[in-house]
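Source file: my_file-v1.tsv (TSV, C-alpha atoms)
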```tsv
chain	number	residue	atom	x	y	z
A	1	MET	CA	18.67	9.62	16.52
A	2	SER	CA	18.82	13.25	17.62
A	3	ALA	CA	21.06	14.37	20.46
A	4	ALA	CA	18.07	15.22	22.62
A	5	ALA	CA	16.36	11.93	21.96
A	6	PRO	CA	17.85	9.83	24.81
A	7	ALA	CA	16.82	12.39	27.42
A	8	ALA	CA	13.33	12.63	25.94
A	9	ALA	CA	13.01	8.87	25.85
A	10	ALA	CA	14.04	8.50	29.50
A	11	ARG	CA	11.15	10.67	30.67
A	12	THR	CA	8.55	9.14	28.34
A	13	ARG	CA	5.16	8.59	29.99
A	14	LEU	CA	3.08	7.95	26.87
A	15	VAL	CA	3.82	5.96	23.72
A	16	LEU	CA	1.41	6.50	20.83
A	17	PHE	CA	1.31	4.05	17.93
A	18	ASP	CA	0.00	4.22	14.40
A	19	LEU	CA	-2.17	1.18	13.64
A	20	ASP	CA	-1.69	-0.32	10.15
A	21	GLY	CA	1.96	-1.13	9.54
A	22	THR	CA	3.02	-0.32	13.10
A	23	LEU	CA	0.91	-2.20	15.63
A	24	VAL	CA	-0.96	-4.54	13.29
A	25	ASP	CA	-0.19	-6.17	9.95
A	26	THR	CA	-3.49	-5.62	8.14
A	27	ALA	CA	-2.21	-5.91	4.58
A	28	GLU	CA	-3.74	-9.28	3.71
A	29	ASP	CA	-7.28	-8.38	4.77
A	30	LEU	CA	-7.12	-5.05	2.93
A	31	ALA	CA	-5.79	-6.78	-0.17
A	32	ALA	CA	-8.64	-9.30	0.02
A	33	ALA	CA	-11.20	-6.48	0.07
A	34	LEU	CA	-9.59	-4.79	-2.93
A	35	ASN	CA	-9.46	-8.04	-4.86
A	36	ARG	CA	-13.17	-8.64	-4.22
A	37	CYS	CA	-13.72	-5.35	-6.03
A	38	ARG	CA	-11.54	-6.50	-8.91
A	39	THR	CA	-13.26	-9.88	-9.12
A	40	ARG	CA	-16.65	-8.20	-9.27
A	41	ARG	CA	-15.43	-6.30	-12.33
A	42	GLY	CA	-14.04	-9.39	-14.05
A	43	LEU	CA	-10.43	-8.51	-13.29
A	44	PRO	CA	-7.79	-10.94	-12.00
A	45	PRO	CA	-6.67	-10.44	-8.39
A	46	THR	CA	-3.66	-8.26	-7.74
A	47	PRO	CA	-0.99	-10.25	-5.86
A	48	PRO	CA	-1.13	-9.21	-2.18
A	49	GLY	CA	2.63	-8.65	-2.24
A	50	GLU	CA	2.17	-5.87	-4.81
A	51	LEU	CA	-0.44	-4.17	-2.65
A	52	ARG	CA	1.34	-4.58	0.67
A	53	PRO	CA	3.68	-1.55	0.45
A	54	TRP	CA	0.66	0.71	-0.19
A	55	THR	CA	-1.31	-0.38	2.85
A	56	SER	CA	-0.30	2.61	4.96
A	57	HIS	CA	-1.66	4.90	2.23
A	58	GLY	CA	-5.17	3.69	3.02
A	59	ALA	CA	-8.03	3.30	0.56
A	60	ARG	CA	-6.66	6.00	-1.74
A	61	GLY	CA	-3.27	4.29	-2.15
A	62	LEU	CA	-4.70	0.79	-2.55
A	63	ILE	CA	-7.31	1.87	-5.11
A	64	GLN	CA	-4.68	3.79	-7.03
A	65	ARG	CA	-2.47	0.72	-7.10
A	66	GLY	CA	-5.25	-1.75	-7.88
A	67	PHE	CA	-7.31	0.33	-10.33
A	68	ALA	CA	-5.13	3.31	-11.36
A	69	LEU	CA	-7.88	5.64	-10.14
A	70	GLN	CA	-7.52	8.95	-8.33
A	71	PRO	CA	-10.17	10.55	-6.06
A	72	HIS	CA	-11.20	12.99	-8.81
A	73	ASP	CA	-11.77	10.20	-11.36
A	74	ALA	CA	-15.24	9.01	-12.34
A	75	GLY	CA	-16.28	5.93	-10.37
A	76	TYR	CA	-13.75	6.44	-7.60
A	77	ALA	CA	-16.24	7.31	-4.85
A	78	GLU	CA	-18.43	4.30	-5.62
A	79	LEU	CA	-15.42	2.00	-5.74
A	80	ARG	CA	-14.08	3.36	-2.45
A	81	ALA	CA	-17.41	2.80	-0.70
A	82	GLU	CA	-17.58	-0.76	-2.03
A	83	PHE	CA	-13.99	-1.48	-0.98
A	84	LEU	CA	-14.60	-0.19	2.56
A	85	ASP	CA	-17.81	-2.22	2.87
A	86	TYR	CA	-15.97	-5.39	1.85
A	87	TYR	CA	-13.20	-4.61	4.31
A	88	GLU	CA	-15.63	-4.00	7.16
A	89	GLN	CA	-17.16	-7.43	6.56
A	90	ALA	CA	-13.82	-9.22	7.11
A	91	LEU	CA	-11.35	-6.88	8.78
A	92	CYS	CA	-9.67	-9.31	11.14
A	93	VAL	CA	-9.39	-12.61	9.30
A	94	HIS	CA	-5.64	-12.58	8.71
A	95	SER	CA	-4.66	-9.37	10.54
A	96	ARG	CA	-2.19	-9.97	13.35
A	97	LEU	CA	-0.04	-8.02	15.77
A	98	TYR	CA	3.49	-7.69	14.48
A	99	GLU	CA	5.92	-10.07	16.14
A	100	GLY	CA	7.25	-8.38	19.25
A	101	ILE	CA	4.35	-5.95	19.70
A	102	GLU	CA	2.70	-7.90	22.51
A	103	ARG	CA	5.99	-8.12	24.40
A	104	THR	CA	6.56	-4.42	23.85
A	105	LEU	CA	3.12	-3.39	25.08
A	106	SER	CA	3.34	-5.67	28.10
A	107	ALA	CA	6.74	-4.24	29.03
A	108	LEU	CA	5.45	-0.68	28.76
A	109	GLU	CA	2.48	-1.54	30.96
A	110	ALA	CA	4.70	-3.28	33.51
A	111	ALA	CA	6.90	-0.18	33.67
A	112	GLY	CA	3.89	2.05	34.35
A	113	ARG	CA	3.94	3.72	30.92
A	114	LEU	CA	0.76	4.51	29.01
A	115	TRP	CA	0.25	3.59	25.39
A	116	GLY	CA	-2.40	4.49	22.87
A	117	VAL	CA	-3.36	4.43	19.21
A	118	VAL	CA	-3.48	7.35	16.76
A	119	THR	CA	-4.48	6.31	13.26
A	120	ASN	CA	-6.03	7.74	10.11
A	121	LYS	CA	-8.23	4.64	9.92
A	122	PRO	CA	-11.90	5.57	10.51
A	123	ALA	CA	-13.45	4.51	13.81
A	124	ARG	CA	-15.82	2.07	12.08
A	125	PHE	CA	-12.76	-0.08	11.39
A	126	THR	CA	-10.38	0.92	14.18
A	127	VAL	CA	-12.58	-0.02	17.12
A	128	PRO	CA	-13.71	-3.46	15.86
A	129	LEU	CA	-10.14	-4.34	14.85
A	130	LEU	CA	-8.68	-3.40	18.23
A	131	ARG	CA	-11.51	-5.22	19.98
A	132	ALA	CA	-10.90	-8.37	17.94
A	133	LEU	CA	-7.21	-8.24	18.85
A	134	GLN	CA	-8.07	-7.63	22.53
A	135	LEU	CA	-6.27	-4.28	22.59
A	136	GLU	CA	-9.13	-1.81	22.96
A	137	ALA	CA	-9.46	-2.06	26.74
A	138	ARG	CA	-5.70	-1.85	27.25
A	139	ALA	CA	-5.13	1.35	25.27
A	140	ALA	CA	-5.07	4.62	27.21
A	141	CYS	CA	-6.60	6.32	24.17
A	142	VAL	CA	-7.81	5.46	20.68
A	143	VAL	CA	-7.83	8.32	18.19
A	144	SER	CA	-9.20	7.36	14.78
A	145	GLY	CA	-9.05	9.21	11.49
A	146	ASP	CA	-12.43	10.83	12.11
A	147	THR	CA	-11.94	11.63	15.81
A	148	ALA	CA	-10.24	15.00	15.36
A	149	ALA	CA	-11.17	17.75	12.92
A	150	ARG	CA	-8.16	16.92	10.73
A	151	SER	CA	-6.14	13.77	10.17
A	152	LYS	CA	-2.39	13.19	9.92
A	153	PRO	CA	-0.07	14.77	8.83
A	154	ASP	CA	-1.90	17.48	10.77
A	155	PRO	CA	-0.91	17.28	14.46
A	156	ALA	CA	-4.55	17.48	15.63
A	157	PRO	CA	-5.00	13.72	16.28
A	158	ILE	CA	-1.81	13.49	18.34
A	159	LEU	CA	-2.69	16.64	20.27
A	160	HIS	CA	-6.11	15.12	20.97
A	161	ALA	CA	-4.42	11.99	22.35
A	162	LEU	CA	-2.10	14.03	24.56
A	163	ALA	CA	-5.05	15.93	26.01
A	164	GLN	CA	-7.05	12.75	26.57
A	165	CYS	CA	-4.13	11.08	28.39
A	166	ARG	CA	-3.13	14.30	30.17
A	167	CYS	CA	0.46	13.93	29.00
A	168	ALA	CA	2.81	16.66	27.87
A	169	ALA	CA	4.30	16.48	24.39
A	170	GLY	CA	7.79	16.43	25.91
A	171	ALA	CA	6.96	13.20	27.74
A	172	SER	CA	5.42	11.45	24.74
A	173	VAL	CA	6.55	9.47	21.69
A	174	TYR	CA	4.78	8.68	18.43
A	175	VAL	CA	5.67	5.55	16.46
A	176	GLY	CA	4.61	5.11	12.84
A	177	ASP	CA	5.62	3.64	9.50
A	178	ASP	CA	4.54	6.47	7.19
A	179	LEU	CA	6.05	9.90	6.53
A	180	ARG	CA	2.75	11.50	7.60
A	181	ASP	CA	3.25	9.96	11.05
A	182	ILE	CA	6.61	11.63	11.48
A	183	GLN	CA	5.35	14.95	10.14
A	184	ALA	CA	2.38	14.88	12.53
A	185	GLY	CA	4.52	13.90	15.49
A	186	ARG	CA	7.08	16.58	14.82
A	187	ALA	CA	4.34	19.22	14.46
A	188	ALA	CA	2.80	18.08	17.76
A	189	GLY	CA	6.15	18.38	19.54
A	190	VAL	CA	6.53	14.71	20.49
A	191	ALA	CA	9.53	12.49	19.88
A	192	THR	CA	9.16	10.51	16.64
A	193	VAL	CA	10.04	6.90	15.85
A	194	VAL	CA	9.89	5.17	12.46
A	195	ALA	CA	8.72	1.55	12.43
A	196	ALA	CA	10.97	0.38	9.60
A	197	TYR	CA	9.45	-3.11	9.82
A	198	GLY	CA	6.19	-1.64	8.44
A	199	TYR	CA	5.04	-0.98	4.91
A	200	SER	CA	6.69	2.24	3.74
A	201	ALA	CA	10.29	1.10	4.15
A	202	SER	CA	9.94	-1.00	1.01
A	203	LEU	CA	9.06	2.12	-1.01
A	204	GLU	CA	11.54	4.70	0.27
A	205	ASP	CA	14.46	5.31	2.60
A	206	VAL	CA	12.75	6.07	5.90
A	207	ARG	CA	15.99	7.43	7.36
A	208	ASN	CA	15.50	10.49	5.19
A	209	TRP	CA	12.46	11.41	7.28
A	210	HIS	CA	14.74	12.65	10.10
A	211	ALA	CA	12.83	11.01	12.95
A	212	ASP	CA	14.43	10.76	16.38
A	213	LEU	CA	14.78	7.00	16.03
A	214	VAL	CA	14.36	4.25	13.43
A	215	ILE	CA	13.57	0.77	14.73
A	216	ASP	CA	13.73	-2.52	12.86
A	217	ARG	CA	11.78	-4.44	15.52
A	218	PRO	CA	9.16	-3.32	18.05
A	219	GLU	CA	11.40	-4.41	20.94
A	220	ASP	CA	14.04	-1.89	19.86
A	221	LEU	CA	11.71	0.77	21.23
A	222	LEU	CA	12.07	-0.67	24.74
A	223	ARG	CA	15.85	-0.33	24.73
A	224	TRP	CA	15.34	3.36	24.01
A	225	ILE	CA	12.50	4.12	26.42
A	226	LEU	CA	13.35	1.67	29.20
A	227	PRO	CA	17.16	1.61	29.30
A	228	ALA	CA	18.69	-0.96	31.62
```

File written out as structure tokens:
Amino acid sequence: MSAAAPAAAARTRLVLFDLDGTLVDTAEDLAAALNRCRTRRGLPPTPPGELRPWTSHGARGLIQRGFALQPHDAGYAELRAEFLDYYEQALCVHSRLYEGIERTLSALEAAGRLWGVVTNKPARFTVPLLRALQLEARAACVVSGDTAARSKPDPAPILHALAQCRCAAGASVYVGDDLRDIQAGRAAGVATVVAAYGYSASLEDVRNWHADLVIDRPEDLLRWILPA
């Protein structure tokens, strides 16, 4: 945690969250969509546990892991479209809020803080997922991957959220489980928090990202923002 972090946390008015791997565990539903693609091609399913760490890398990361294909490879675009269609058909079968997220959001609301979502997930998936989890109406803002002109690690989505909520960067925090989240937050001038309970921590040492705070549970955020 940086030296300035406690002071920044104490004046926090807005907490922005990444979606996959931070607010919601979506890994199983995304793995199911990818494995439908594999089954259609006569391939055995990839164990969901192998795919889980790549969930925060979106379609590109999952397709790379499941098919060893890159965006420039032949057949990638067709496969990506098929994967996303399968996912859209069943995007909240097994997806759940991480343990402690509901308590964290409720505590923020009770303390008069705003919270919102900033994700690289396209709106066609973001909005239905949040609606299914009964979060859409509670969020002060929802910024999807196609809301702003550029997606994370560019700061544009976070800056869009700050403008929508009328909050200054110095009074805002961004929580995410991927390096792009921390890069975007830092570029936007907000305090940054790594959700080490998410997906990326199993692939690399998230403490090397130099965020203001690393949390192992969602509730750890409350002890930082709402000190007793």

> Taking into account all atoms listed in the file, which residue in the set A:Val173, A:Arg138, A:Gly66, A:Arg166 is nearest to Leu43 in chain A?
Replying inline: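 Of A:Val173, A:Arg138, A:Gly66, A:Arg166, the one nearest Leu43 in chain A, counting all atoms listed in the file, is A:Gly66.
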
>> Need to verify the contact set: range 111-126 of chain A, 7 Å, all atoms listed in the file, exclusion of same-chain residues closer than 3 positions in sequence. Can you return it as number ranges by chain?
In response: A: 13-19, 88, 107-108, 129-130, 139-146, 151-152, 157-158

Show which residues sit within 9 Å of Trp209 in chain A, as a JSON list (two decimals) with C-alpha atoms, in the coordinates of the input. Count all atoms listed in the file, and ignore same-chain residues fewer than 5 positions away.
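The file below, around_23.json, is the result:
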```json
[["chain", "number", "residue", "atom", "x", "y", "z"],
["A", 179, "LEU", "CA", 6.05, 9.90, 6.53],
["A", 182, "ILE", "CA", 6.61, 11.63, 11.48],
["A", 183, "GLN", "CA", 5.35, 14.95, 10.14],
["A", 194, "VAL", "CA", 9.89, 5.17, 12.46]]
```

Selection: 12 Å around range 218-220 of chain A, all atoms listed in the file, excl. self and same-chain fewer than 2 positions, as a PDB file with C-alpha atoms, in the frame of the given file:
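The file below, selection_7.pdb, is the result:
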```
ATOM      1  CA  PHE A  17       1.310   4.050  17.930  1.00  0.00           C
ATOM      2  CA  GLY A  21       1.960  -1.130   9.540  1.00  0.00           C
ATOM      3  CA  THR A  22       3.020  -0.320  13.100  1.00  0.00           C
ATOM      4  CA  LEU A  23       0.910  -2.200  15.630  1.00  0.00           C
ATOM      5  CA  VAL A  24      -0.960  -4.540  13.290  1.00  0.00           C
ATOM      6  CA  LEU A  97      -0.040  -8.020  15.770  1.00  0.00           C
ATOM      7  CA  TYR A  98       3.490  -7.690  14.480  1.00  0.00           C
ATOM      8  CA  GLU A  99       5.920 -10.070  16.140  1.00  0.00           C
ATOM      9  CA  GLY A 100       7.250  -8.380  19.250  1.00  0.00           C
ATOM     10  CA  ILE A 101       4.350  -5.950  19.700  1.00  0.00           C
ATOM     11  CA  GLU A 102       2.700  -7.900  22.510  1.00  0.00           C
ATOM     12  CA  ARG A 103       5.990  -8.120  24.400  1.00  0.00           C
ATOM     13  CA  THR A 104       6.560  -4.420  23.850  1.00  0.00           C
ATOM     14  CA  LEU A 105       3.120  -3.390  25.080  1.00  0.00           C
ATOM     15  CA  SER A 106       3.340  -5.670  28.100  1.00  0.00           C
ATOM     16  CA  ALA A 107       6.740  -4.240  29.030  1.00  0.00           C
ATOM     17  CA  LEU A 108       5.450  -0.680  28.760  1.00  0.00           C
ATOM     18  CA  VAL A 175       5.670   5.550  16.460  1.00  0.00           C
ATOM     19  CA  GLY A 176       4.610   5.110  12.840  1.00  0.00           C
ATOM     20  CA  ASP A 177       5.620   3.640   9.500  1.00  0.00           C
ATOM     21  CA  VAL A 193      10.040   6.900  15.850  1.00  0.00           C
ATOM     22  CA  VAL A 194       9.890   5.170  12.460  1.00  0.00           C
ATOM     23  CA  ALA A 195       8.720   1.550  12.430  1.00  0.00           C
ATOM     24  CA  ALA A 196      10.970   0.380   9.600  1.00  0.00           C
ATOM     25  CA  TYR A 197       9.450  -3.110   9.820  1.00  0.00           C
ATOM     26  CA  GLY A 198       6.190  -1.640   8.440  1.00  0.00           C
ATOM     27  CA  LEU A 213      14.780   7.000  16.030  1.00  0.00           C
ATOM     28  CA  VAL A 214      14.360   4.250  13.430  1.00  0.00           C
ATOM     29  CA  ILE A 215      13.570   0.770  14.730  1.00  0.00           C
ATOM     30  CA  ASP A 216      13.730  -2.520  12.860  1.00  0.00           C
ATOM     31  CA  LEU A 222      12.070  -0.670  24.740  1.00  0.00           C
ATOM     32  CA  ARG A 223      15.850  -0.330  24.730  1.00  0.00           C
ATOM     33  CA  TRP A 224      15.340   3.360  24.010  1.00  0.00           C
ATOM     34  CA  ILE A 225      12.500   4.120  26.420  1.00  0.00           C
ATOM     35  CA  LEU A 226      13.350   1.670  29.200  1.00  0.00           C
ATOM     36  CA  PRO A 227      17.160   1.610  29.300  1.00  0.00           C
TER      37      PRO A 227
END
```

> Which distance in Å separates CA of Tyr86 in chain A and CA of Ala32 in chain A, to one decimal?
Replying inline: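 Separation of CA of Tyr86 in chain A and CA of Ala32 in chain A: 8.5 Å.
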
> Which residue gives the smallest distance to Gly49 in chain A among A:Ser172, A:Thr192, A:Gln134, A:Ser202, with all atoms listed in the file counted?
Replying inline: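 Of A:Ser172, A:Thr192, A:Gln134, A:Ser202, the one nearest Gly49 in chain A, counting all atoms listed in the file, is A:Ser202.
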
> CA of Arg131 in chain A and CA of Glu82 in chain A, how far apart in Å?
Replying inline: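 Distance reported for this atom pair: 23.3 Å.
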
>> For a test of reading the model, state the distance in Å between CA of Gln70 in chain A and CA of Ala184 in chain A, rounded to one decimal.
In response: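 Answer for the CA of Gln70 in chain A to CA of Ala184 in chain A separation: 23.8 Å.
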
>> Using all atoms listed in the file and a cutoff of 12 Å, can you tell me which residues are near (-5.0, -3.8, -1.4) in the file's coordinates, and write them out as a PyMOL selection string?
In response: chain A and resi 26-38+45-67+80+83-84+86-87

>> Would you pick out the contacts of Ala171 in chain A at 6 Å or less, using all atoms listed in the file, so that residues sharing its chain but fewer than 3 positions from it are not included, and give the list as number ranges by chain?
In response: A: 11-13, 168

>> Here is a test: counting all atoms listed in the file, which residue of A:His160, A:Ala68, A:Tyr199, A:Pro153 is nearest to Asp25 in chain A?
In response: A:Tyr199

> For Ala161 in chain A, which residue out of A:Ala188, A:Thr39, A:Asp212, A:Ala137 is the nearest one, using only C-alpha atoms?
Replying inline: A:Ala188

Size and centre in Å, one decimal, axis-aligned box, all listed range 106-119 of chain A atoms plus 8 Å per side, as JSON:
```
{"center_x": 1.2, "center_y": 0.8, "center_z": 23.8, "size_x": 27.4, "size_y": 29.0, "size_z": 37.1}
```

> Which one is closest to Ala132 in chain A: A:Ala201, A:Ala110, A:Ala90, A:Cys165? Count only C-alpha atoms.
Replying inline: A:Ala90

>> Under the rule that only C-alpha atoms are counted, which of A:Asp181, A:Gly189, A:Leu79, A:Pro128 is the nearest residue to Val206 in chain A?
In response: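 Nearest to Val206 in chain A: A:Asp181.
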